[in-house]
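So this block is start-v7.csv, CSV, C-alpha atoms:
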```
chain,number,residue,atom,x,y,z
S,25,MET,CA,-97.5,73.1,32.2
S,26,THR,CA,-100.2,74.5,29.9
S,27,LYS,CA,-102.2,77.4,31.4
S,28,ALA,CA,-105.4,79.0,30.2
S,29,ALA,CA,-105.1,82.5,28.7
S,30,LEU,CA,-106.8,85.4,30.4
S,31,ASN,CA,-110.0,86.4,28.8
S,32,SER,CA,-110.1,89.6,26.6
S,33,GLU,CA,-111.9,91.6,29.3
S,34,SER,CA,-109.1,90.9,31.9
S,35,ILE,CA,-106.4,91.7,29.4
S,36,ALA,CA,-108.2,94.9,28.5
S,37,GLN,CA,-108.3,96.0,32.1
S,38,LEU,CA,-104.6,95.4,32.6
S,39,PHE,CA,-103.4,96.8,29.3
S,40,HIS,CA,-105.6,98.1,26.5
S,41,ASP,CA,-108.1,100.1,28.5
S,42,ALA,CA,-105.7,101.1,31.2
S,43,HIS,CA,-104.7,104.8,31.0
S,44,THR,CA,-102.4,106.9,33.1
S,45,VAL,CA,-104.7,109.0,35.3
S,46,ARG,CA,-104.0,112.5,36.7
S,47,GLN,CA,-107.4,113.4,38.1
S,48,TRP,CA,-109.2,111.3,40.7
S,49,THR,CA,-112.7,110.8,42.0
S,50,SER,CA,-113.6,110.8,45.7
S,51,ALA,CA,-114.5,107.1,45.6
S,52,PRO,CA,-112.9,105.4,48.6
S,53,VAL,CA,-110.1,102.9,48.3
S,54,ASP,CA,-109.7,99.9,50.6
S,55,PRO,CA,-106.7,100.7,52.8
S,56,ASP,CA,-105.6,97.0,52.5
S,57,ILE,CA,-105.4,97.1,48.7
S,58,VAL,CA,-101.8,98.1,48.6
S,59,GLN,CA,-100.8,95.1,50.7
S,60,ARG,CA,-102.8,92.8,48.5
S,61,ALA,CA,-101.2,94.2,45.4
S,62,TYR,CA,-97.7,93.8,46.9
S,63,ASP,CA,-98.5,90.2,48.0
S,64,GLU,CA,-99.1,89.5,44.3
S,65,ALA,CA,-96.3,91.6,42.9
S,66,LYS,CA,-93.6,90.2,45.1
S,67,TRP,CA,-93.7,87.0,43.0
S,68,ALA,CA,-92.2,88.9,40.0
S,69,PRO,CA,-89.4,86.9,38.3
S,70,THR,CA,-86.1,88.5,39.6
S,71,ALA,CA,-82.5,87.6,39.4
S,72,PHE,CA,-81.7,85.0,42.2
S,73,ASN,CA,-85.2,85.6,43.5
S,74,ALA,CA,-84.1,88.9,45.0
S,75,ASN,CA,-86.7,91.1,46.5
S,76,PRO,CA,-85.2,94.6,46.5
S,77,ILE,CA,-88.3,96.7,46.1
S,78,ARG,CA,-89.5,98.7,49.1
S,79,LEU,CA,-92.7,100.8,49.4
S,80,ILE,CA,-93.3,103.9,51.5
S,81,ARG,CA,-97.0,104.5,52.0
S,82,VAL,CA,-97.6,108.3,52.3
S,83,THR,CA,-100.6,108.8,54.5
S,84,SER,CA,-100.2,111.9,56.6
S,85,PRO,CA,-101.0,115.3,55.2
S,86,GLU,CA,-97.6,116.5,56.2
S,87,ALA,CA,-95.8,113.8,54.4
S,88,ARG,CA,-98.0,114.3,51.3
S,89,ALA,CA,-97.2,118.0,51.3
S,90,THR,CA,-93.5,117.2,51.4
S,91,VAL,CA,-93.8,114.9,48.4
S,92,ALA,CA,-95.8,117.5,46.5
S,93,GLN,CA,-93.2,120.1,47.2
S,94,LEU,CA,-90.5,117.8,45.8
S,95,ALA,CA,-92.6,116.6,42.8
S,96,SER,CA,-92.3,118.2,39.4
S,97,LYS,CA,-94.9,120.8,38.5
S,98,GLY,CA,-96.8,118.4,36.2
S,99,ASN,CA,-97.1,115.8,39.0
S,100,LYS,CA,-98.1,118.0,41.9
S,101,ASN,CA,-101.9,117.8,41.3
S,102,SER,CA,-101.9,114.0,41.2
S,103,VAL,CA,-99.7,113.8,44.3
S,104,GLU,CA,-102.0,116.1,46.2
S,105,SER,CA,-105.3,114.5,45.3
S,106,ALA,CA,-104.8,110.8,44.6
S,107,PRO,CA,-106.4,108.5,47.3
S,108,VAL,CA,-103.2,106.3,47.4
S,109,LEU,CA,-99.7,107.7,47.2
S,110,LEU,CA,-96.7,105.4,47.3
S,111,LEU,CA,-93.0,105.9,47.0
S,112,ALA,CA,-91.1,103.0,45.4
S,113,ALA,CA,-87.6,102.4,46.6
S,114,TYR,CA,-84.9,99.8,46.3
S,115,ASP,CA,-82.9,98.5,49.2
S,116,THR,CA,-79.1,98.6,48.5
S,117,ASN,CA,-78.8,96.0,51.3
S,118,PHE,CA,-81.3,93.6,49.7
S,119,ILE,CA,-78.8,90.7,49.9
S,120,ASP,CA,-79.2,90.7,53.7
S,121,GLY,CA,-82.7,89.3,53.6
S,122,MET,CA,-82.1,86.6,50.9
S,123,GLU,CA,-81.0,83.8,53.1
S,124,HIS,CA,-84.2,84.4,55.2
S,125,MET,CA,-86.2,83.9,52.0
S,126,GLY,CA,-84.5,80.6,51.2
S,127,SER,CA,-81.5,81.5,49.2
S,128,SER,CA,-78.5,79.2,49.7
S,129,GLU,CA,-75.5,80.4,51.6
S,130,TYR,CA,-73.5,79.9,48.4
S,131,VAL,CA,-75.7,82.3,46.5
S,132,VAL,CA,-75.6,84.9,49.3
S,133,ASN,CA,-71.8,84.8,49.6
S,134,MET,CA,-71.4,84.9,45.8
S,135,LEU,CA,-73.5,88.1,45.6
S,136,ARG,CA,-71.7,89.7,48.5
S,137,GLU,CA,-68.4,89.3,46.6
S,138,ALA,CA,-69.7,90.1,43.0
S,139,ASP,CA,-68.9,93.6,41.8
S,140,TRP,CA,-72.0,93.6,39.7
S,141,ALA,CA,-74.4,92.7,42.5
S,142,PRO,CA,-75.3,96.3,43.4
S,143,ASP,CA,-76.8,96.7,40.0
S,144,LEU,CA,-79.3,94.0,40.8
S,145,ALA,CA,-81.2,96.2,43.3
S,146,PRO,CA,-82.5,98.9,40.9
S,147,ALA,CA,-82.8,96.5,38.0
S,148,ASN,CA,-85.0,94.0,39.8
S,149,ALA,CA,-86.9,96.7,41.7
S,150,TRP,CA,-88.1,98.0,38.4
S,151,ILE,CA,-89.3,94.5,37.4
S,152,GLN,CA,-91.2,94.3,40.7
S,153,LEU,CA,-92.6,97.8,40.2
S,154,GLY,CA,-94.0,96.8,36.8
S,155,TYR,CA,-95.8,93.9,38.5
S,156,MET,CA,-97.0,96.2,41.2
S,157,ILE,CA,-98.6,98.5,38.7
S,158,ILE,CA,-100.3,95.5,37.0
S,159,SER,CA,-101.4,94.2,40.3
S,160,LEU,CA,-103.0,97.5,41.3
S,161,ARG,CA,-104.9,97.5,38.0
S,162,ALA,CA,-106.0,94.0,38.7
S,163,GLN,CA,-107.4,95.2,42.0
S,164,GLY,CA,-109.6,97.6,40.0
S,165,LEU,CA,-107.5,100.8,40.5
S,166,ASP,CA,-106.2,103.3,38.0
S,167,VAL,CA,-102.5,104.1,38.4
S,168,HIS,CA,-100.2,107.1,37.7
S,169,PRO,CA,-96.5,106.2,37.9
S,170,MET,CA,-94.2,109.2,38.1
S,171,SER,CA,-90.4,109.7,38.0
S,172,GLY,CA,-90.6,113.5,37.9
S,173,ALA,CA,-89.4,114.4,41.4
S,174,ASN,CA,-86.4,115.3,43.4
S,175,MET,CA,-85.6,111.7,44.4
S,176,GLU,CA,-82.6,112.7,46.6
S,177,GLY,CA,-84.8,115.2,48.3
S,178,LEU,CA,-87.4,112.4,49.0
S,179,ASN,CA,-84.6,110.2,50.3
S,180,GLN,CA,-83.5,113.0,52.7
S,181,ALA,CA,-87.0,113.6,53.8
S,182,PHE,CA,-88.1,110.1,54.5
S,183,LEU,CA,-85.1,107.7,54.2
S,184,ALA,CA,-82.2,109.5,55.8
S,185,ASP,CA,-79.6,107.0,57.2
S,186,SER,CA,-81.4,104.2,55.4
S,187,SER,CA,-80.3,101.7,52.7
S,188,TRP,CA,-83.5,102.4,50.8
S,189,LYS,CA,-83.3,104.7,47.7
S,190,THR,CA,-86.4,106.2,46.1
S,191,PHE,CA,-86.8,105.8,42.4
S,192,MET,CA,-90.5,106.3,41.6
S,193,MET,CA,-93.8,107.7,42.9
S,194,ILE,CA,-97.1,105.9,42.4
S,195,CYS,CA,-100.5,107.4,42.6
S,196,ALA,CA,-103.6,105.1,42.6
S,197,GLY,CA,-107.3,105.3,43.0
S,198,HIS,CA,-110.4,105.6,40.8
S,199,GLY,CA,-109.7,107.9,37.9
S,200,ASP,CA,-112.0,110.7,36.8
S,201,PRO,CA,-112.9,110.0,33.1
S,202,GLU,CA,-112.8,113.7,32.5
S,203,GLY,CA,-109.1,113.7,33.2
S,204,ILE,CA,-108.1,110.9,30.9
S,205,SER,CA,-106.5,112.1,27.7
S,206,PRO,CA,-106.8,110.2,24.4
S,207,ARG,CA,-104.3,107.4,24.1
S,208,LEU,CA,-101.2,108.3,22.2
S,209,GLY,CA,-99.5,105.8,19.9
S,210,ARG,CA,-96.9,103.2,20.6
S,211,LEU,CA,-94.3,101.6,18.3
S,212,SER,CA,-95.4,98.5,16.4
S,213,PHE,CA,-93.8,95.2,17.0
S,214,GLU,CA,-91.9,95.5,13.8
S,215,GLU,CA,-90.5,98.9,14.8
S,216,ALA,CA,-89.6,97.7,18.3
S,217,SER,CA,-88.1,94.3,17.6
S,218,LYS,CA,-85.3,92.7,15.6
S,219,THR,CA,-84.7,89.1,14.5
S,220,VAL,CA,-81.1,87.9,14.6
```
Would you put the structure from the file into structure tokens?
Amino acid sequence: MTKAALNSESIAQLFHDAHTVRQWTSAPVDPDIVQRAYDEAKWAPTAFNANPIRLIRVTSPEARATVAQLASKGNKNSVESAPVLLLAAYDTNFIDGMEHMGSSEYVVNMLREADWAPDLAPANAWIQLGYMIISLRAQGLDVHPMSGANMEGLNQAFLADSSWKTFMMICAGHGDPEGISPRLGRLSFEEASKTV
């Protein structure tokens, strides 16, 4: 099936012109935007169509203060001020929901017995998180993904006795242009690839 390519403006919004933002404006963010972004990102291509990513929406001042306390020093300001704060987690029991989503009994039983199946949860949650970031950008938001935090502390604070395990924090909103640093370089295709 041949599909039309996105126009250059759309590609720029998702990639070239998208910067990590650490300062935010007071512009309001539609509270439903996270659900819309998830409803797009959930279609990310994952192994066996697994859906291990889980999102914790941090909305109360008390919860945000806890996240800020457990975030690294360089991430505290963004955590405290971003209009949207999410914790991304993966569910170690992700197999339990696969039959409900249409996976065959054969696939579900195979995964329950496979010693490599636990690795699918974080690996595929990372794929889904990448799609979530792109989806938030597609909704018109700036994004600041952060791994600098005491993840075990976040698990204890919000997910004790749960099969969910935090692996990333996401701030989103409308970035303040004054807080955007010049873009640093990236490896060229020639430096980052090999032909065999």
Requested in this report: Can you pull out every residue within 8 Å of segment 117-128 of chain S, counting only C-alpha atoms, but drop anything in the same chain fewer than 4 positions away, and send it as a list in words?
Outcome: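 What passes the distance filter is Phe72, Asn73, Ala74, Asn75, Pro76, Val132, Leu135, Arg136, Ala145, Ser187 and Trp188 of chain S.
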Protein/DNA/RNA residues near (-92.4, 89.9, 41.2), cut 12 Å, all atoms listed in the file, as a short mmCIF file (atom, residue, chain, number, x, y, z; two decimals) with C-alpha atoms, in the frame of the given file:
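Result file follows (out_11.cif):
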```cif
data_model
loop_
_atom_site.label_atom_id
_atom_site.label_comp_id
_atom_site.auth_asym_id
_atom_site.auth_seq_id
_atom_site.Cartn_x
_atom_site.Cartn_y
_atom_site.Cartn_z
CA ALA S 61 -101.20 94.20 45.40
CA TYR S 62 -97.70 93.80 46.90
CA ASP S 63 -98.50 90.20 48.00
CA GLU S 64 -99.10 89.50 44.30
CA ALA S 65 -96.30 91.60 42.90
CA LYS S 66 -93.60 90.20 45.10
CA TRP S 67 -93.70 87.00 43.00
CA ALA S 68 -92.20 88.90 40.00
CA PRO S 69 -89.40 86.90 38.30
CA THR S 70 -86.10 88.50 39.60
CA ALA S 71 -82.50 87.60 39.40
CA PHE S 72 -81.70 85.00 42.20
CA ASN S 73 -85.20 85.60 43.50
CA ALA S 74 -84.10 88.90 45.00
CA ASN S 75 -86.70 91.10 46.50
CA PRO S 76 -85.20 94.60 46.50
CA ILE S 77 -88.30 96.70 46.10
CA ASN S 148 -85.00 94.00 39.80
CA ALA S 149 -86.90 96.70 41.70
CA TRP S 150 -88.10 98.00 38.40
CA ILE S 151 -89.30 94.50 37.40
CA GLN S 152 -91.20 94.30 40.70
CA LEU S 153 -92.60 97.80 40.20
CA GLY S 154 -94.00 96.80 36.80
CA TYR S 155 -95.80 93.90 38.50
CA MET S 156 -97.00 96.20 41.20
CA ILE S 157 -98.60 98.50 38.70
CA ILE S 158 -100.30 95.50 37.00
CA SER S 159 -101.40 94.20 40.30
#
```
Query - Gap from atom CA of Glu104 of chain S to atom CA of Arg78 of chain S - Å, one decimal - result: 21.6 Å
Query - atom CA of Tyr130 of chain S to atom CA of Ala147 of chain S, distance in Å rounded to a single decimal - result: 21.7 Å
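When all atoms listed in the file are used to measure the gap to Ser96 of chain S, the shortest distance among S:Met175, S:Cys195, S:Ala51, S:Ala28 belongs to S:Met175.
As for atom CA of Leu38 of chain S and atom CA of Asp200 of chain S, they are spaced 17.5 Å apart.
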Query raised in the report: Could you pull the residues within 12 Å of Ala87 of chain S, counting all atoms listed in the file, minus those fewer than 2 positions along the same chain, as a list of chain:residue names?
Result: S:Ile80, S:Arg81, S:Val82, S:Thr83, S:Ser84, S:Pro85, S:Ala89, S:Thr90, S:Val91, S:Ala92, S:Gln93, S:Leu94, S:Val103, S:Glu104, S:Leu109, S:Leu110, S:Leu111, S:Leu178, S:Ala181, S:Phe182
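Remark: for Arg88 of chain S, the closest of the candidate residues S:Met193, S:Trp140, S:Leu211, S:Ser50 is S:Met193 (distances computed over only C-alpha atoms).
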Report task. Might you pull out every residue within 10 Å of Arg207 of chain S, with all atoms listed in the file counted and same-chain residues fewer than 6 positions away left off, and present them as a ChimeraX atom specification? Result -> /S:40-44
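Nearest residue to Gly177 of chain S, choosing from S:Arg161, S:Gln47, S:Ile194, S:Ala95 and counting all atoms listed in the file: S:Ala95.
In this comparison, which uses all atoms listed in the file, the residue of S:Pro146, S:Gly164, S:Gly209, S:Gly172 approaching Lys189 of chain S most closely is S:Pro146.
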Query raised in the report: From the list S:Val45, S:Ile35, S:Leu160, S:Met25, which residue is nearest Asn101 of chain S when using all atoms listed in the file?
Result: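 For Asn101 of chain S, the nearest of the candidates is S:Val45.
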Query raised in the report: S:Glu137, S:Pro142, S:Ala173, S:Asp166: which is nearest Pro201 of chain S, counting only C-alpha atoms?
Result: S:Asp166
Requested in this report: For Thr49 of chain S, please output as a ChimeraX atom specification all residues within 8 Å (counting only C-alpha atoms; exclusion window: fewer than 5 positions along the same chain).
Outcome: /S:197-200
